[in-house]
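Report on one structure; see the data block that follows.
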Amino acid sequence: MAKKKDKKAGKRMSKRDLANLIMDYFQKRPGEAISMRKIFTDLRLTTHPLKMLCVDILDEMQIADYLTTVEKNVYKLNNHGIELVGTFQRKANGKNMFLPDGEGEAIQIAERNSAHAMNNDRVRIACYARRHNQCAEGEVVEILERANDTFVGTLQVEKSYAFLLTESRTLANDIFIPRDKLKGGKTGDKAIVKVTEWPEKAKNPIGQVIDILGKAGDNTTEMHAILAEFGLPYVYPPAVEKAADRIPEDITPEEIARREDFRKVTTFTIDPKDAKDFDDALSIRQSGNGVWEIGVHIADVSHYVPEGGIIDREAESRATSVYLVDRTIPMLPERLCNGLCSLRPQEEKLAYSVIFHMNEKAEVLDSRIVHTVIFSDRRFTYEEAQNIIETKEGDFKEEVLELDRLAKILRQKRFANGAINFDRYEVKFEIDEKGKPLSVYFKESKDANKLVEEFMLLANRTVAEKVGRVPKGKKPKVFPYRIHEAPDPEKLDNLAQFIARFGYKIRTSGTKTDISKSLNHLLDEIHGKTEENLIETVSIRAMQKARYSTHNIGHYGLAFEYYTHFTSPIRRFPDLMVHRLLTKYLDGGRSVSEVKYEDLCDHSSNMEQIAANAERASIKYKQVEFMQDKIGQTFDGVISGVTEWGLYIELNENKCEGMIPVRDLGDDYYELDEKNYCLRGRRTNKVYSLGDDVTVKVARANLEKKQLDFSLA
C-alpha cells in the first residue's frame, strides 16, 4: 500500500475520498474476502469517526451491488461473475459502451480499456465494481468476433503512405495505409479499406484498400459508398447472374397442367410509375348472386429459385431489395426480378395465388391458396388507377371501381377492429440524369394505393391463418410471421404528456383496442393541422418495430391475430420462405426446424433495418446536396428532434432536415429534458421544445458527412 495513501487515511477525510480509497483497495484485490477489521488496519482508519464513515460506505457499496458479504463483516468485490459477453459499441467521442447479452444495463468502456474493439464486435469484458452514483464500467479482455473490419472514406495519399479519412461516426481515428496496399487509389478517391491490425500502442489502425469506388462527389460513387458503409453489396456477383441466365424461359404444358388456369380472367397490376418488378396482380370476376371472385396473384419466385442453390444463398444473404433515392439494389438478379418473375402485361406468368369469394359487404365467404398461371391484361400506374377511381372512366373501369369499393369496406372494418391509421406522405426527389436533385415533391397514399394495400393485407393474413390457426390442443407448424408488439407503456405516457401541450389526449391504459382507437382518434384530430407531422412522428416513436419471428404474437398495428409476408417474394426473403413452407405444408409435409427459421427471421429483420438506414442515408445525402446552393438563405421550419448535442429542424417548404448544434445556441448553457422533449437554458430558463416553430438560416452543407447545419435567424 502506498504510504501517501496510508497517511491520508489516518487524517480527516471526506466521504468521497474515503469511498474512492475503498474502491481502489477492493479493485486491487478482486478475488479476496476481506474482514472489516483488516480494512481498518490496511487503510489506517484509526479514529472512531473514520471507522463509522467506513462502515456507512461499506453498507452503501453493498446496497449498490458493488460489494458482496461472504459472512458477517467480511466483504468481497462483486464482479457479477467478473466477466460478461455482449456487444461493443464504439463512439467517436470515446464514450464507448458494452451491451451485455440478454437483459442487463449498458456498461461504459473507456477508450484506454477498449482493446481497440470495433463497433458491434462481440467481446468479453471484465466488470469493474461500480463507483457510487456512477455508471458501471469495465474493460475488454477478449474480442470474440469481429462485426465489421471494413470502412468507407476518402483517400489522402502522401509520398510513402496514405490515410483513409473515415466518415464513420464510430471511429475517431483515420486509418493508416502503407503505400503498397493502395490498389491504385489516389487522393480524393472514395475507397473501402479493411483494417488488418491495430497495434496496442498505435493511435491509428492499419489497413489495406479492398476496392476503389470512384471519385468523391460522383453520384454513383456516393451511392455505392452509402451501401458499403452499411455493409450492403453494391454489385451483383457474376456467377449468380450467370446462374439466372441459364434458367429456361418457357412455361411447359406439364407445368400449366399442374396449376389453376387464370389466363382468361381479367387481371391487372397497379404499381408506381417507375416500377420494373411487378410482384403482385389482381384478378376479378363475378361468381353469381352478388358474389365476386377476387384473385391476389403473387410472382412464383420459388418455382425459379430452388432452395440452397447459388441464387437462393445470395438472396438469403441480402434478405431484401434496397431502395436508395435514385436506384434499386435488387435481392434477385435482374433477369428474375425484372424479367422471368415480374408479372408483366401481355405475358403468361406463373403465380402463387390466394383466391377469395366475397359478397357485396366484402365478407370473405371462402378462400383457397393455389399455384396458378395468369395473363395480365393491363399494367396500371397508381396515377392511372386513381384517375379511374376519381373520374369513373377508363380501361377496366367496372373492375377497378368494384375492387376500390370492396377495399374501402375492408379498410373500414380493419380500423373498427383497432388497426392504427398512420397515413404518412413520403418525400421524393426529382433527379436529373447525373443524379443531381432538382426539386422535392411529396408522395401521398391515395385510394389506388390503398386498394392494392387492402388486398395484399388480406392475402398475407389469410396465409398466416391457414398455417397458424389450428384446432385446440394441436401445435401449429413452424412458420415465419410478421409480428408487432403493443406500445411500450412508458413511451405511451411520454406521448400523452407531449400531446397535452397541444391540447390533445389519448388513453394509455385499457385493452389494446381501446388504446389503438384512442390513437386513431388523435390522428384524425391532428389531420391537416400544422402539428400533424410532428405528433405523428412522436406517435410512431412510441410504437414497437415490426419484425419477423416464428413465435406468433399477432400484429398490433394492423389488429391482426395472424399476419405474415407473402406478397413480395421478388424483394423480400421472408416471403420466399413463406411460399416454400406453404407449398410443403399444403402437400402434407412435416414441420421444419424452429431454430433454423428463427435465425432466418432474425437475419431478415436485421437486414430490413440496415436497408432502411441506408435508404435514410441516401435521402440525407440528397437533402444536403439539394441545399448546397442555398447557404445563407432563410427558411421557416419546426423543431423535429431534440438531443443533448443540438436541435434538429425540419424545413416546412421541402422537409429537408438539418441541425442547430448546441454550441451555436450561445446565449446560455442548455440542458436536455428528455421527458419533455426540450432543451432548457440554465440561466435564462429559455426553452426549445419539439414542435416549436423556428426561422433558420442555412449555415453549412457538408456532403461528406451528410450534414446540414442551420443557425437561428
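Identifiers in the C-alpha cells: chain A, B, ... in order shown; residue index from 1 per chain; ligand index from 1 in order shown.
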Selection: 10 Å around segment 580-591 of chain A, only C-alpha atoms, excl. self and same-chain fewer than 4 positions, as a list in words: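 Here the answer would be Asp300, Val301, Ser302, His303, Pro306, Glu307, Tyr352, Ile369, Val370, His371, Val463, Ala464, Lys466, Val467, Pro476, Lys477, Val478, Phe479, Pro480, Phe566, Pro574, Asp575 and Leu576 of chain A.
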Env of Ile192 of chain A: 8 Å cut, atoms = only C-alpha atoms, seq-sep filter 2 positions within chain, self excluded. Answer as a compact mmCIF listing (two decimals) with C-alpha atoms, in the first residue's frame.
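File produced: out07.txt:
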```
# COMPACT_ATOMS: atom_id res chain seq x y z
CA THR A 150 -14.11 -2.53 -43.34
CA PHE A 151 -14.60 1.22 -43.50
CA VAL A 152 -15.55 3.69 -46.21
CA GLY A 153 -13.88 7.05 -46.65
CA LYS A 190 -13.66 7.03 -52.25
CA LYS A 194 -10.09 -3.34 -44.43
CA VAL A 209 -7.65 -0.91 -49.78
CA ILE A 210 -10.23 -3.52 -50.80
CA ASP A 211 -11.97 -1.54 -53.53
CA ILE A 212 -11.89 1.90 -55.15
CA LEU A 213 -15.45 3.20 -55.57
CA ALA A 228 -20.63 -0.14 -48.50
```
Let's see if you can do this: from backbone DSSP, list all helix (DSSP H, G or I) residues in segment 97-195 of chain A, as number ranges by chain. A: 111-113, 179-181
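Nearest-residue note for Gly658 of chain A: choosing from A:Asp692, A:Asp709, A:Glu399, A:Glu671, the minimum distance belongs to A:Asp709, counting only C-alpha atoms.
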Check the DSSP output for the backbone and give back, as a list in words, the residues of segment 352-385 of chain A in strand (DSSP E).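 Output for segment 352-385 of chain A, strand (DSSP E) only: Tyr352, Ser353, Val354, Ile355, Phe356, His357, Met358, Val364, Leu365, Asp366, Ser367, Arg368, Ile369, Val370, His371, Thr372, Val373, Ile374, Phe375, Arg378, Arg379, Phe380 and Thr381 of chain A.
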How would the residues just picked look written out with N, CA and C atoms as a short mmCIF file (atom, residue, chain, number, x, y, z; two decimals), in the first residue's frame?
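And here is the file that came out, selection_2.cif:
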```cif
data_model
loop_
_atom_site.label_atom_id
_atom_site.label_comp_id
_atom_site.auth_asym_id
_atom_site.auth_seq_id
_atom_site.Cartn_x
_atom_site.Cartn_y
_atom_site.Cartn_z
N TYR A 352 -48.38 -17.63 -57.45
CA TYR A 352 -48.90 -18.32 -56.26
C TYR A 352 -50.02 -17.42 -55.79
N SER A 353 -51.23 -17.94 -55.69
CA SER A 353 -52.40 -17.06 -55.57
C SER A 353 -53.27 -17.40 -54.38
N VAL A 354 -53.88 -16.35 -53.83
CA VAL A 354 -54.93 -16.54 -52.82
C VAL A 354 -56.22 -16.08 -53.49
N ILE A 355 -57.18 -16.99 -53.59
CA ILE A 355 -58.43 -16.72 -54.30
C ILE A 355 -59.56 -16.60 -53.26
N PHE A 356 -60.27 -15.48 -53.31
CA PHE A 356 -61.36 -15.22 -52.36
C PHE A 356 -62.70 -15.19 -53.08
N HIS A 357 -63.74 -15.69 -52.42
CA HIS A 357 -65.11 -15.40 -52.83
C HIS A 357 -65.65 -14.40 -51.81
N MET A 358 -66.12 -13.26 -52.30
CA MET A 358 -66.57 -12.18 -51.43
C MET A 358 -67.96 -11.74 -51.81
N VAL A 364 -65.58 -12.31 -46.59
CA VAL A 364 -64.94 -13.44 -47.28
C VAL A 364 -65.76 -14.70 -46.99
N LEU A 365 -66.36 -15.26 -48.04
CA LEU A 365 -67.19 -16.46 -47.89
C LEU A 365 -66.31 -17.71 -47.85
N ASP A 366 -65.27 -17.73 -48.68
CA ASP A 366 -64.27 -18.81 -48.63
C ASP A 366 -63.01 -18.35 -49.33
N SER A 367 -61.92 -19.09 -49.10
CA SER A 367 -60.66 -18.75 -49.78
C SER A 367 -59.86 -20.03 -50.01
N ARG A 368 -59.00 -19.97 -51.01
CA ARG A 368 -58.09 -21.10 -51.24
C ARG A 368 -56.74 -20.56 -51.71
N ILE A 369 -55.68 -21.32 -51.46
CA ILE A 369 -54.33 -20.91 -51.84
C ILE A 369 -53.83 -21.92 -52.87
N VAL A 370 -53.53 -21.43 -54.08
CA VAL A 370 -53.21 -22.36 -55.18
C VAL A 370 -52.10 -21.79 -56.07
N HIS A 371 -51.38 -22.70 -56.73
CA HIS A 371 -50.44 -22.29 -57.78
C HIS A 371 -51.25 -22.07 -59.05
N THR A 372 -50.93 -20.97 -59.76
CA THR A 372 -51.73 -20.60 -60.93
C THR A 372 -50.82 -20.21 -62.10
N VAL A 373 -51.46 -20.08 -63.26
CA VAL A 373 -50.81 -19.42 -64.40
C VAL A 373 -51.75 -18.27 -64.76
N ILE A 374 -51.18 -17.07 -64.98
CA ILE A 374 -52.01 -15.89 -65.22
C ILE A 374 -51.53 -15.16 -66.48
N PHE A 375 -52.36 -14.22 -66.91
CA PHE A 375 -52.02 -13.36 -68.05
C PHE A 375 -52.53 -11.97 -67.70
N ARG A 378 -53.34 -5.66 -68.34
CA ARG A 378 -53.00 -4.23 -68.36
C ARG A 378 -52.09 -3.91 -67.18
N ARG A 379 -51.16 -3.00 -67.42
CA ARG A 379 -50.29 -2.50 -66.36
C ARG A 379 -50.73 -1.07 -66.02
N PHE A 380 -51.31 -0.88 -64.84
CA PHE A 380 -51.70 0.47 -64.40
C PHE A 380 -50.63 1.07 -63.51
N THR A 381 -50.39 2.37 -63.66
CA THR A 381 -49.64 3.09 -62.62
C THR A 381 -50.67 3.51 -61.57
#
```
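Residues in contact with Asp423 of chain A at 10 Å, where only C-alpha atoms are counted and same-chain residues fewer than 6 positions away are skipped, are listed as Glu444, Ser445, Lys446, Leu523, His527 and Glu536 of chain A.
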Using only N, CA and C atoms, please write the residues we just selected to a file, as a JSON list (two decimals), in the first residue's frame.
```json
[["chain", "number", "residue", "atom", "x", "y", "z"],
["A", 444, "GLU", "N", -48.21, 11.07, -51.70],
["A", 444, "GLU", "CA", -49.26, 10.70, -50.75],
["A", 444, "GLU", "C", -49.89, 9.38, -51.14],
["A", 445, "SER", "N", -50.39, 8.67, -50.13],
["A", 445, "SER", "CA", -51.09, 7.42, -50.38],
["A", 445, "SER", "C", -52.55, 7.73, -50.68],
["A", 446, "LYS", "N", -52.98, 7.45, -51.93],
["A", 446, "LYS", "CA", -54.37, 7.74, -52.32],
["A", 446, "LYS", "C", -55.17, 6.43, -52.41],
["A", 523, "LEU", "N", -55.07, 10.82, -34.36],
["A", 523, "LEU", "CA", -54.58, 11.02, -35.73],
["A", 523, "LEU", "C", -55.63, 11.73, -36.60],
["A", 527, "HIS", "N", -55.26, 15.78, -38.19],
["A", 527, "HIS", "CA", -55.18, 15.80, -39.66],
["A", 527, "HIS", "C", -55.32, 17.22, -40.21],
["A", 536, "GLU", "N", -47.45, 12.84, -35.32],
["A", 536, "GLU", "CA", -47.41, 11.52, -35.93],
["A", 536, "GLU", "C", -46.03, 10.88, -35.75]]
```
Any idea what's packed within 8 Å of segment 50-63 of chain A, counting only C-alpha atoms, ignoring anything in its chain fewer than 5 positions away? Could you give it as a ChimeraX atom specification? /A:12-13,15,18-19,40,45,68-69,132
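Pairwise distance (atom CA of Ala486 of chain A, atom CA of Ser605 of chain A) equals 17.8 Å.
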Please build the interface table for segment 107-150 of chain A against segment 88-102 of chain A with a cut-off of 7 Å, listing for each qualifying residue the nearest atom pair and the distance in Å to one decimal; count only C-alpha atoms, order rows by chain and increasing number, and write it as CSV.
```
residue,atom,partner,partner_atom,distance
A:Ile107,CA,A:Phe98,CA,5.0
A:Gln108,CA,A:Met97,CA,4.6
A:Ile109,CA,A:Asn96,CA,5.2
A:Ala110,CA,A:Asn96,CA,6.2
A:Glu111,CA,A:Gly94,CA,5.5
A:Met118,CA,A:Arg90,CA,6.2
A:Asn119,CA,A:Arg90,CA,4.6
A:Asn120,CA,A:Phe88,CA,5.1
A:Asp121,CA,A:Phe88,CA,5.4
A:Arg122,CA,A:Phe88,CA,6.4
A:Val123,CA,A:Phe88,CA,6.4
```
Keeping only C-alpha atoms, take the residues you just selected and write them out as a compact mmCIF listing (two decimals), in the first residue's frame.
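Output file again_3.txt follows:
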```txt
# COMPACT_ATOMS: atom_id res chain seq x y z
CA ILE A 107 -21.51 -0.68 -19.21
CA GLN A 108 -19.09 2.14 -20.06
CA ILE A 109 -15.74 1.21 -21.61
CA ALA A 110 -13.11 3.96 -21.67
CA GLU A 111 -11.04 4.12 -24.88
CA MET A 118 -14.61 -2.12 -33.26
CA ASN A 119 -18.27 -1.17 -33.36
CA ASN A 120 -20.65 -4.13 -32.85
CA ASP A 121 -17.81 -6.58 -32.13
CA ARG A 122 -18.71 -9.50 -29.84
CA VAL A 123 -16.45 -9.11 -26.83
```
Mind checking which residues fall within 8 Å of Val140 of chain A, counting only C-alpha atoms, ignoring those fewer than 2 positions away in the same chain, and posting them as a tab-separated table (two decimals) with N, CA and C atoms, in the first residue's frame?
```
chain	number	residue	atom	x	y	z
A	109	ILE	N	-17.10	1.71	-21.37
A	109	ILE	CA	-15.74	1.21	-21.61
A	109	ILE	C	-14.91	2.40	-22.09
A	113	ASN	N	-9.42	1.25	-22.30
A	113	ASN	CA	-9.75	-0.13	-21.89
A	113	ASN	C	-10.50	-0.89	-22.99
A	114	SER	N	-10.46	-0.36	-24.23
A	114	SER	CA	-11.29	-0.95	-25.29
A	114	SER	C	-10.60	-2.07	-26.07
A	115	ALA	N	-9.29	-2.23	-25.87
A	115	ALA	CA	-8.51	-3.21	-26.63
A	115	ALA	C	-8.70	-3.03	-28.14
A	117	ALA	N	-11.37	-2.61	-29.74
A	117	ALA	CA	-12.56	-3.30	-30.29
A	117	ALA	C	-13.28	-2.34	-31.23
A	123	VAL	N	-17.62	-9.17	-27.72
A	123	VAL	CA	-16.45	-9.11	-26.83
A	123	VAL	C	-16.78	-9.74	-25.47
A	124	ARG	N	-15.69	-10.07	-24.76
A	124	ARG	CA	-15.80	-10.46	-23.35
A	124	ARG	C	-15.20	-9.33	-22.55
A	125	ILE	N	-15.89	-8.89	-21.51
A	125	ILE	CA	-15.33	-7.81	-20.70
A	125	ILE	C	-15.21	-8.24	-19.25
A	126	ALA	N	-14.29	-7.58	-18.55
A	126	ALA	CA	-14.21	-7.71	-17.09
A	126	ALA	C	-14.90	-6.48	-16.52
A	138	GLY	N	-16.09	-1.10	-17.29
A	138	GLY	CA	-15.38	-2.36	-17.47
A	138	GLY	C	-14.29	-2.21	-18.51
A	142	GLU	N	-11.27	-9.69	-24.24
A	142	GLU	CA	-11.12	-10.55	-25.42
A	142	GLU	C	-12.13	-10.14	-26.50
A	143	ILE	N	-11.65	-10.09	-27.74
A	143	ILE	CA	-12.56	-9.84	-28.87
A	143	ILE	C	-12.92	-11.21	-29.44
```
For Leu165 of chain A, list every protein, DNA or RNA residue within 8 Å, evaluated using only C-alpha atoms, and leave out those in the same chain fewer than 4 positions away; present the list as an MDAnalysis selection string. chainID A and resid 153:156 174:175
Kindly indicate which residue among A:Thr643, A:Thr170, A:Gln707, A:Ser618 lies nearest to Glu222 of chain A, using only C-alpha atoms for the distances.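 Ranked by minimum distance to Glu222 of chain A, first place goes to A:Ser618.
Atom CA of Arg16 of chain A lies 16.7 Å from atom CA of Ile39 of chain A.
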Counting only C-alpha atoms, which of A:Tyr597, A:Tyr161, A:Tyr688, A:Tyr425 gets nearest to Lys655 of chain A?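 Among the listed residues, A:Tyr425 lies closest to Lys655 of chain A.
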